[in-house]
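Engineer: Below you'll find upload.txt; it's compact mmCIF, C-alpha atoms.
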# COMPACT_ATOMS: atom_id res chain seq x y z
CA MET A 1 119.52 114.32 53.83
CA ASP A 2 117.73 111.27 55.22
CA LEU A 3 115.29 109.03 53.36
CA HIS A 4 112.22 110.71 54.88
CA GLN A 5 113.36 114.19 53.81
CA ARG A 6 114.15 112.99 50.30
CA SER A 7 110.74 111.37 50.05
CA ARG A 8 108.97 114.60 51.07
CA ILE A 9 110.88 116.57 48.44
CA HIS A 10 110.10 114.12 45.66
CA SER A 11 106.45 114.02 46.73
CA ALA A 12 106.24 117.83 46.75
CA LEU A 13 107.69 118.00 43.25
CA GLY A 14 105.36 115.29 41.93
CA ASP A 15 102.63 117.78 41.03
CA PRO A 16 102.98 119.66 37.69
CA GLY A 17 101.79 122.92 39.26
CA ARG A 18 104.39 122.79 42.01
CA LEU A 19 107.10 121.86 39.55
CA GLN A 20 106.16 124.92 37.49
CA LEU A 21 106.48 127.07 40.61
CA VAL A 22 109.98 125.75 41.24
CA ASP A 23 110.97 126.39 37.61
CA LEU A 24 109.82 130.02 37.91
CA LEU A 25 111.82 130.54 41.10
CA VAL A 26 115.10 129.00 39.97
CA ALA A 27 116.77 132.24 38.85
CA GLY A 28 115.11 134.78 41.15
CA ASP A 29 112.41 135.55 43.71
CA LEU A 30 108.85 136.48 42.81
CA SER A 31 105.92 137.87 44.78
CA VAL A 32 102.85 135.71 45.35
CA GLN A 33 100.90 138.00 43.02
CA GLU A 34 103.49 137.58 40.26
CA LEU A 35 103.41 133.81 40.61
CA ALA A 36 99.62 133.77 40.39
CA ALA A 37 99.71 135.93 37.24
CA ASP A 38 102.49 133.94 35.56
CA LEU A 39 100.76 130.60 36.19
CA GLU A 40 97.18 131.89 35.80
CA MET A 41 96.44 129.93 38.96
CA PRO A 42 93.59 130.62 41.43
CA GLY A 43 94.74 132.04 44.75
CA ASN A 44 93.53 129.13 46.87
CA LEU A 45 95.31 126.56 44.69
CA LEU A 46 98.52 128.62 44.68
CA ALA A 47 98.37 128.91 48.47
CA HIS A 48 98.03 125.12 48.74
CA HIS A 49 101.00 124.47 46.47
CA LEU A 50 103.15 127.02 48.34
CA ASN A 51 102.25 125.40 51.66
CA VAL A 52 103.30 121.97 50.38
CA LEU A 53 106.59 123.32 49.04
CA GLU A 54 107.28 125.20 52.28
CA GLU A 55 106.56 122.15 54.44
CA ALA A 56 109.03 120.17 52.32
CA GLY A 57 111.67 122.85 52.92
CA LEU A 58 111.80 123.89 49.26
CA ILE A 59 110.74 127.52 49.53
CA GLU A 60 110.81 130.41 51.97
CA ARG A 61 108.31 133.26 52.10
CA LEU A 62 109.93 136.59 52.91
CA GLU A 63 108.26 139.80 54.02
CA SER A 64 109.31 142.71 51.82
CA GLU A 65 111.52 145.28 53.52
CA GLY A 66 109.73 147.90 51.42
CA ASP A 67 106.01 147.20 51.10
CA ARG A 68 105.28 145.10 54.19
CA ARG A 69 102.09 143.78 52.59
CA ARG A 70 104.13 142.02 49.91
CA ARG A 71 105.68 138.56 50.27
CA TYR A 72 108.46 137.23 48.09
CA VAL A 73 108.86 133.52 47.53
CA ALA A 74 112.46 132.28 47.44
CA LEU A 75 113.61 128.83 46.37
CA GLN A 76 115.82 126.93 48.82
CA ARG A 77 118.39 125.73 46.31
CA ASN A 78 120.36 123.61 48.76
CA ALA A 79 117.35 121.33 49.16
CA LEU A 80 117.28 120.77 45.41
CA HIS A 81 120.95 120.10 44.83
CA GLY A 82 121.26 118.07 41.65
CA LEU A 83 117.53 118.33 40.87
CA ILE A 84 117.03 121.84 39.48
CA ALA A 85 117.67 122.69 35.85
CA ALA A 86 120.90 124.39 34.88
CA ALA A 87 120.79 128.12 34.29
CA SER A 88 120.19 128.97 30.65
CA GLY A 89 120.78 131.79 28.24
CA CYS A 90 123.61 134.18 27.37
CA LEU A 91 123.70 136.77 30.13
CA GLY A 92 125.57 139.65 28.47
CA THR A 93 125.98 142.88 30.45
CA VAL A 94 124.91 142.60 34.11
CA VAL A 95 123.96 145.39 36.54
CA PHE A 96 123.11 144.91 40.22
CA VAL A 97 120.94 147.49 41.98
CA CYS A 98 119.75 148.23 45.50
CA SER A 99 118.55 151.34 47.27
CA HIS A 100 121.79 152.83 48.64
CA ASN A 101 124.47 150.96 46.65
CA SER A 102 126.52 150.73 49.83
CA ALA A 103 126.69 146.97 50.46
CA ARG A 104 124.71 144.28 48.63
CA SER A 105 124.80 145.55 45.04
CA GLN A 106 128.43 146.63 45.38
CA TYR A 107 129.45 143.22 46.66
CA ALA A 108 127.37 141.42 44.01
CA ALA A 109 129.01 143.34 41.15
CA ALA A 110 132.51 142.84 42.56
CA TYR A 111 131.94 139.15 43.25
CA TRP A 112 130.48 138.63 39.77
CA SER A 113 133.60 140.17 38.24
CA ALA A 114 135.93 138.16 40.48
CA SER A 115 134.20 134.84 39.84
CA THR A 116 133.47 135.19 36.11
CA GLY A 117 136.21 137.52 34.86
CA GLU A 118 133.53 139.77 33.33
CA VAL A 119 132.81 143.31 34.47
CA ALA A 120 129.49 144.03 36.17
CA ALA A 121 128.13 147.37 37.33
CA SER A 122 126.11 148.43 40.35
CA ALA A 123 123.94 151.41 41.21
CA GLY A 124 121.39 152.64 43.74
CA SER A 125 118.07 154.45 43.64
CA ASP A 126 119.22 156.69 46.53
CA PRO A 127 123.01 156.26 46.80
CA ALA A 128 124.66 156.60 50.20
CA PRO A 129 127.66 158.90 50.72
CA ARG A 130 130.02 155.93 51.15
CA ILE A 131 130.28 152.16 51.25
CA HIS A 132 129.29 150.81 54.66
CA PRO A 133 132.51 150.05 56.58
CA THR A 134 131.26 146.62 57.68
CA ALA A 135 130.56 145.78 54.04
CA VAL A 136 134.17 146.63 53.24
CA ARG A 137 135.37 144.46 56.13
CA VAL A 138 133.26 141.42 55.27
CA ALA A 139 134.02 141.70 51.56
CA ASN A 140 137.71 141.72 52.42
CA GLU A 141 137.20 138.50 54.42
CA ARG A 142 135.93 136.93 51.22
CA GLY A 143 138.77 138.23 49.06
CA ILE A 144 136.88 141.20 47.59
CA ASP A 145 138.28 144.74 47.92
CA LEU A 146 135.56 147.40 48.20
CA SER A 147 137.76 150.02 49.86
CA ALA A 148 137.86 152.24 46.78
CA ALA A 149 134.25 151.69 45.70
CA VAL A 150 131.90 154.69 45.58
CA PRO A 151 128.07 154.49 45.60
CA THR A 152 126.46 155.78 42.41
CA GLY A 153 122.93 156.44 41.22
CA TYR A 154 120.98 154.95 38.34
CA GLN A 155 122.29 157.68 36.06
CA SER A 156 125.67 155.93 36.10
CA ILE A 157 124.27 152.93 34.20
CA VAL A 158 125.54 153.00 30.63
CA GLY A 159 123.06 151.95 27.96
CA VAL A 160 120.44 149.25 28.48
CA PRO A 161 121.91 146.24 30.32
CA ASP A 162 121.10 142.73 29.18
CA LEU A 163 120.32 141.72 32.76
CA LEU A 164 119.43 143.88 35.76
CA ILE A 165 119.27 142.18 39.16
CA SER A 166 117.70 143.94 42.12
CA VAL A 167 119.07 142.70 45.44
CA CYS A 168 116.85 145.00 47.51
CA ASP A 169 113.07 144.87 47.98
CA ARG A 170 112.74 148.65 48.07
CA ALA A 171 114.58 149.04 44.78
CA ARG A 172 112.50 146.25 43.23
CA GLU A 173 109.27 147.95 44.27
CA GLY A 174 110.39 151.36 43.03
CA SER A 175 111.12 152.60 39.52
CA LEU A 176 113.82 150.32 38.15
CA PRO A 177 116.11 151.29 35.26
CA GLU A 178 115.38 149.94 31.81
CA ALA A 179 116.83 146.50 31.06
CA LYS A 180 116.33 143.70 28.56
CA ARG A 181 115.72 141.23 31.39
CA ARG A 182 115.21 141.62 35.14
CA LEU A 183 115.56 139.34 38.13
CA HIS A 184 114.95 139.96 41.83
CA TRP A 185 116.86 138.50 44.76
CA SER A 186 115.19 139.27 48.09
CA ILE A 187 118.34 139.67 50.19
CA PRO A 188 117.76 141.18 53.68
CA ASP A 189 119.51 144.53 54.13
CA PRO A 190 122.43 144.06 56.58
CA VAL A 191 122.83 147.82 56.96
CA ARG A 192 119.54 147.93 58.89
CA THR A 193 121.08 146.05 61.82
CA GLY A 194 124.76 146.76 61.24
CA ARG A 195 125.59 143.29 62.60
CA ILE A 196 128.58 141.66 60.98
CA SER A 197 126.75 138.32 61.00
CA ASP A 198 124.01 139.84 58.82
CA PHE A 199 126.58 141.15 56.33
CA ARG A 200 128.15 137.71 56.18
CA SER A 201 124.77 136.05 55.63
CA ALA A 202 123.79 138.52 52.89
CA PHE A 203 127.08 138.13 51.06
CA ALA A 204 126.96 134.33 51.32
CA ALA A 205 123.44 134.36 49.82
CA ILE A 206 124.66 136.54 46.96
CA GLU A 207 127.57 134.19 46.30
CA GLY A 208 125.25 131.18 46.05
CA ARG A 209 122.92 132.89 43.61
CA ILE A 210 125.76 134.19 41.46
CA GLY A 211 127.30 130.73 41.41
CA TYR A 212 124.10 129.33 39.92
CA LEU A 213 123.54 132.17 37.47
CA ALA A 214 127.14 132.25 36.25
CA SER A 215 126.81 128.63 35.12
CA ALA A 216 124.76 129.96 32.19
CA ARG A 217 127.81 131.67 30.71
Let's see the structure in the file written out as structure tokens.
Structural biologist:
Amino acid sequence: MDLHQRSRIHSALGDPGRLQLVDLLVAGDLSVQELAADLEMPGNLLAHHLNVLEEAGLIERLESEGDRRRRYVALQRNALHGLIAAASGCLGTVVFVCSHNSARSQYAAAYWSASTGEVAASAGSDPAPRIHPTAVRVANERGIDLSAAVPTGYQSIVGVPDLLISVCDRAREGSLPEAKRRLHWSIPDPVRTGRISDFRSAFAAIEGRIGYLASAR
């Protein structure tokens, strides 16, 4: 990162309102409406702060794959390497959910278990008949075996998890299972295109987010 880029980032973070926005987005993605409610900030001021953060390369605004009128704001963690606060809190039991439980949530649960040594579960609001074959292939590239995994519905979730993470916009905007705490990661659905590059991108994004979150353990 050159001096000019570093200067823009520090300038963007120099406002208390923008720093609050970054703090809210560290663990997961939020819609513009949720940010406005959490900060009790007028819409025009929020739009200004988001524009400044986006121009500095600190956030990305993503169109929901479910409700196209909704936009999620995602923090670009790579641009804040060494600047964002460490993850906090005891995580406890973790469940990952998406709509079909055939790729993203399955990989997230398996990668969480592989990287932390703790079991995580996954489920879907409308489970597919099988794991997507490209998901199995790309997971295998990354040392994760999904060949025996089977998609399950929300009824498979045992008890009330300490943390439920939706990795799918449609699941997030639907009726989510009960949980003590929820986070949302707006990860584009690679099954929509079927391209192996999209599976690789989705799984890499999941790995980065889990790496940050697991540091709270």
Engineer: Between A:Leu21, A:Gln155, A:Asp145, A:Pro16, which residue has the minimum interatomic distance to Ala37 (chain A), considering all atoms listed in the file?
Structural biologist: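 When distances to Ala37 (chain A) are compared using all atoms listed in the file, the smallest one comes from A:Leu21.
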Engineer: Compile the contact shell of Val32 (chain A) as JSON, numbers by chain: residues with an atom at most 12 Å away, counting all atoms listed in the file, same-chain residues fewer than 6 positions apart removed.
Structural biologist: {"A": [21, 24, 25, 38, 39, 40, 41, 42, 43, 44, 45, 46, 47, 49, 50, 60, 61, 62, 63, 64, 69, 70, 71, 72, 73, 74]}
Engineer: Determine, counting all atoms listed in the file, which protein, DNA and RNA residues have an atom within 8 Å of an atom of His100 (chain A); residues of the same chain fewer than 3 positions away are not included. Present the result as number ranges by chain.
Structural biologist: A: 103, 123-128, 151
Engineer: Just how far from CA of Leu183 (chain A) is CA of Ile9 (chain A), in Å to one decimal?
Structural biologist: 25.4 Å
Engineer: A:Arg142, A:Arg68, A:Arg137, A:Arg170: which is nearest Cys98 (chain A), counting all atoms listed in the file?
Structural biologist: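 Smallest separation from Cys98 (chain A) among the options: A:Arg170.
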Engineer: So which residues fall inside 10 Å of (138.5, 137.3, 41.7) if we count only C-alpha atoms? Mind giving them as a ChimeraX atom specification?
Structural biologist: /A:110-117,142-145
Engineer: Could you dump the residues just selected with C-alpha atoms as a PDB file, in the frame of the given file?
Structural biologist:
ATOM      1  CA  ALA A 110     132.510 142.840  42.560  1.00  0.00           C
ATOM      2  CA  TYR A 111     131.940 139.150  43.250  1.00  0.00           C
ATOM      3  CA  TRP A 112     130.480 138.630  39.770  1.00  0.00           C
ATOM      4  CA  SER A 113     133.600 140.170  38.240  1.00  0.00           C
ATOM      5  CA  ALA A 114     135.930 138.160  40.480  1.00  0.00           C
ATOM      6  CA  SER A 115     134.200 134.840  39.840  1.00  0.00           C
ATOM      7  CA  THR A 116     133.470 135.190  36.110  1.00  0.00           C
ATOM      8  CA  GLY A 117     136.210 137.520  34.860  1.00  0.00           C
ATOM      9  CA  ARG A 142     135.930 136.930  51.220  1.00  0.00           C
ATOM     10  CA  GLY A 143     138.770 138.230  49.060  1.00  0.00           C
ATOM     11  CA  ILE A 144     136.880 141.200  47.590  1.00  0.00           C
ATOM     12  CA  ASP A 145     138.280 144.740  47.920  1.00  0.00           C
TER      13      ASP A 145
END
Engineer: Within 10 Å of Gly92 (chain A), counting only C-alpha atoms, which residues qualify if same-chain residues fewer than 6 places away don't, as a list in words?
Structural biologist: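 Non-adjacent residues within range: Glu118, Ala120, Pro161, Asp162, Leu163 and Arg217 of chain A.
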Engineer: Could you tell me how far CA of Asn78 (chain A) sits from CA of Ser102 (chain A), in Å to one decimal place?
Structural biologist: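 So the answer is 27.8 Å.
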Engineer: To one decimal place in Å, what is the distance between CA of Arg18 (chain A) and CA of Ala202 (chain A)?
Structural biologist: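 Interatomic distance, CA of Arg18 (chain A) to CA of Ala202 (chain A): 27.2 Å.
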Engineer: Could you check the closest approach to Gly211 (chain A) for each of A:Ile131, A:Ala108, A:Leu35, A:Ala12 and tell me which residue wins, using all atoms listed in the file?
Structural biologist: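 Of A:Ile131, A:Ala108, A:Leu35, A:Ala12, the one nearest Gly211 (chain A) is A:Ala108, counting all atoms listed in the file.
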Engineer: Put the listed atoms of region 13-30 of chain A in a box along x, y and z with 6 Å added on every side and give me the centre and edge lengths in Å to one decimal, as lines of an AutoDock Vina configuration file.
Structural biologist:
center_x = 109.3
center_y = 125.9
center_z = 40.6
size_x = 27.0
size_y = 33.2
size_z = 18.2
Engineer: Using all atoms listed in the file for the distances, tell me which of A:Ala121, A:Ser147, A:Glu173, A:Asn140 is nearest to Gly159 (chain A).
Structural biologist: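 Going through A:Ala121, A:Ser147, A:Glu173, A:Asn140 one by one, the smallest distance to Gly159 (chain A) is for A:Ala121.
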Engineer: Compare A:Asp29, A:Glu54, A:Glu141, A:Glu178 by their minimum atom-to-atom distance to Ile196 (chain A), counting only C-alpha atoms, and give me the closest one.
Structural biologist: A:Glu141
Engineer: Which one of A:Arg104, A:Asp23, A:Val97, A:Pro133 sits closest to Ser175 (chain A) if you count all atoms listed in the file?
Structural biologist: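 With all atoms listed in the file as the atom set, the closest residue is A:Val97.
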Engineer: How would region 123-141 of chain A look with N, CA and C atoms restored, written as a PDB file, keeping the file's coordinate frame?
Structural biologist:
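Output saved as part-v6.pdb:
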ATOM      1  N   ALA A 123     124.477 150.059  41.042  1.00  0.00           N
ATOM      2  CA  ALA A 123     123.940 151.410  41.210  1.00  0.00           C
ATOM      3  C   ALA A 123     122.838 151.369  42.258  1.00  0.00           C
ATOM      4  N   GLY A 124     122.437 152.559  42.727  1.00  0.00           N
ATOM      5  CA  GLY A 124     121.390 152.640  43.740  1.00  0.00           C
ATOM      6  C   GLY A 124     120.361 153.694  43.403  1.00  0.00           C
ATOM      7  N   SER A 125     119.137 153.474  43.869  1.00  0.00           N
ATOM      8  CA  SER A 125     118.070 154.450  43.640  1.00  0.00           C
ATOM      9  C   SER A 125     118.293 155.710  44.474  1.00  0.00           C
ATOM     10  N   ASP A 126     118.933 155.567  45.625  1.00  0.00           N
ATOM     11  CA  ASP A 126     119.220 156.690  46.530  1.00  0.00           C
ATOM     12  C   ASP A 126     120.608 156.446  47.138  1.00  0.00           C
ATOM     13  N   PRO A 127     121.668 156.670  46.362  1.00  0.00           N
ATOM     14  CA  PRO A 127     123.010 156.260  46.800  1.00  0.00           C
ATOM     15  C   PRO A 127     123.460 156.925  48.093  1.00  0.00           C
ATOM     16  N   ALA A 128     124.106 156.117  48.934  1.00  0.00           N
ATOM     17  CA  ALA A 128     124.660 156.600  50.200  1.00  0.00           C
ATOM     18  C   ALA A 128     125.949 157.381  49.926  1.00  0.00           C
ATOM     19  N   PRO A 129     126.432 158.142  50.921  1.00  0.00           N
ATOM     20  CA  PRO A 129     127.660 158.900  50.720  1.00  0.00           C
ATOM     21  C   PRO A 129     128.909 158.020  50.606  1.00  0.00           C
ATOM     22  N   ARG A 130     128.840 156.796  51.177  1.00  0.00           N
ATOM     23  CA  ARG A 130     130.020 155.930  51.150  1.00  0.00           C
ATOM     24  C   ARG A 130     129.590 154.466  51.306  1.00  0.00           C
ATOM     25  N   ILE A 131     130.512 153.572  50.995  1.00  0.00           N
ATOM     26  CA  ILE A 131     130.280 152.160  51.250  1.00  0.00           C
ATOM     27  C   ILE A 131     130.265 151.929  52.754  1.00  0.00           C
ATOM     28  N   HIS A 132     129.357 151.093  53.226  1.00  0.00           N
ATOM     29  CA  HIS A 132     129.290 150.810  54.660  1.00  0.00           C
ATOM     30  C   HIS A 132     130.592 150.136  55.097  1.00  0.00           C
ATOM     31  N   PRO A 133     131.215 150.611  56.169  1.00  0.00           N
ATOM     32  CA  PRO A 133     132.510 150.050  56.580  1.00  0.00           C
ATOM     33  C   PRO A 133     132.469 148.553  56.894  1.00  0.00           C
ATOM     34  N   THR A 134     131.342 148.062  57.415  1.00  0.00           N
ATOM     35  CA  THR A 134     131.260 146.620  57.680  1.00  0.00           C
ATOM     36  C   THR A 134     131.168 145.835  56.382  1.00  0.00           C
ATOM     37  N   ALA A 135     130.582 146.435  55.351  1.00  0.00           N
ATOM     38  CA  ALA A 135     130.560 145.780  54.040  1.00  0.00           C
ATOM     39  C   ALA A 135     131.977 145.646  53.505  1.00  0.00           C
ATOM     40  N   VAL A 136     132.771 146.678  53.681  1.00  0.00           N
ATOM     41  CA  VAL A 136     134.170 146.630  53.240  1.00  0.00           C
ATOM     42  C   VAL A 136     134.914 145.529  53.997  1.00  0.00           C
ATOM     43  N   ARG A 137     134.676 145.455  55.304  1.00  0.00           N
ATOM     44  CA  ARG A 137     135.370 144.460  56.130  1.00  0.00           C
ATOM     45  C   ARG A 137     135.002 143.034  55.735  1.00  0.00           C
ATOM     46  N   VAL A 138     133.697 142.773  55.585  1.00  0.00           N
ATOM     47  CA  VAL A 138     133.260 141.420  55.270  1.00  0.00           C
ATOM     48  C   VAL A 138     133.641 141.031  53.845  1.00  0.00           C
ATOM     49  N   ALA A 139     133.570 141.983  52.924  1.00  0.00           N
ATOM     50  CA  ALA A 139     134.020 141.700  51.560  1.00  0.00           C
ATOM     51  C   ALA A 139     135.492 141.316  51.552  1.00  0.00           C
ATOM     52  N   ASN A 140     136.282 142.021  52.336  1.00  0.00           N
ATOM     53  CA  ASN A 140     137.710 141.720  52.420  1.00  0.00           C
ATOM     54  C   ASN A 140     137.955 140.304  52.953  1.00  0.00           C
ATOM     55  N   GLU A 141     137.106 139.875  53.909  1.00  0.00           N
ATOM     56  CA  GLU A 141     137.200 138.500  54.420  1.00  0.00           C
ATOM     57  C   GLU A 141     137.037 137.475  53.310  1.00  0.00           C
TER      58      GLU A 141
END
